[in-house]
Amino acid sequence: MYDETGLSPADFDEGLMHIGVEYCFNHAEPNCAACPINKHCEGHNKNPGLIHDYRT
């Protein structure tokens with residue numbers, strides 16, 4: 001399940017959850033500008049409701 005980086009799908013999943021909690025969800029003011037994947041984020045670039053309308 002590991003590739004040449006030594007990372008598994010679980011590591012990827014954990015990273016996405018960290019980004020969501022740290023930058024997006026459950027914050028009155030999401031910090032999209034500081035998010036490391038904001039250039040690829042549908043919520044940041046096209047549909048802010050994906051960030052503002054959902055809570056975890």
# chains A, B, ... in the order shown; residues from 1 in each chain; ligands from 1
call {"tool": "residues_around", "arguments": {"residues": "Asp53 of chain A", "least_positions_apart": "4", "cutoff": "10 Å", "atoms": "only C-alpha atoms", "output": "list in words"}}
result
Phe25, Pro48 and Gly49 of chain A
call {"tool": "residues_around", "arguments": {"residues": "His44 of chain A", "least_positions_apart": "6", "cutoff": "10 Å", "atoms": "only C-alpha atoms", "output": "MDAnalysis selection string"}}
result
chainID A and resid 24 30:33 35 37:38 50:51
call {"tool": "write_last_selection", "arguments": {"atoms": "N, CA and C atoms", "output": "short mmCIF file (atom, residue, chain, number, x, y, z; two decimals), in the first residue's frame"}}
result
data_model
loop_
_atom_site.label_atom_id
_atom_site.label_comp_id
_atom_site.auth_asym_id
_atom_site.auth_seq_id
_atom_site.Cartn_x
_atom_site.Cartn_y
_atom_site.Cartn_z
N CYS A 24 -10.32 25.39 6.97
CA CYS A 24 -11.65 25.55 6.37
C CYS A 24 -12.79 25.50 7.37
N PRO A 30 -12.77 31.29 7.66
CA PRO A 30 -11.80 30.33 7.11
C PRO A 30 -10.56 31.06 6.57
N ASN A 31 -9.41 30.44 6.71
CA ASN A 31 -8.15 31.07 6.32
C ASN A 31 -7.68 30.50 4.97
N CYS A 32 -8.43 30.76 3.93
CA CYS A 32 -8.12 30.24 2.60
C CYS A 32 -6.78 30.76 2.08
N ALA A 33 -6.44 31.99 2.39
CA ALA A 33 -5.19 32.57 1.89
C ALA A 33 -3.97 31.79 2.37
N CYS A 35 -4.02 28.52 3.23
CA CYS A 35 -4.18 27.10 2.95
C CYS A 35 -3.20 26.64 1.86
N ILE A 37 -3.38 24.26 -0.20
CA ILE A 37 -3.97 23.74 -1.45
C ILE A 37 -5.05 24.67 -2.02
N ASN A 38 -5.03 25.94 -1.64
CA ASN A 38 -6.09 26.85 -2.07
C ASN A 38 -6.18 27.01 -3.58
N LEU A 50 -19.24 25.65 -0.31
CA LEU A 50 -18.66 24.39 0.13
C LEU A 50 -17.89 24.55 1.45
N ILE A 51 -17.41 25.73 1.72
CA ILE A 51 -16.69 25.99 2.96
C ILE A 51 -17.63 26.57 4.02
#
call {"tool": "atom_distance", "arguments": {"atom1": "atom CA of Gly6 of chain A", "atom2": "atom CA of Ala34 of chain A"}}
result
26.6 Å
call {"tool": "select_by_dssp", "arguments": {"residues": "chain A", "states": "alpha helix (DSSP H)", "output": "ChimeraX atom specification"}}
result
/A:9-19,42-45,49-52
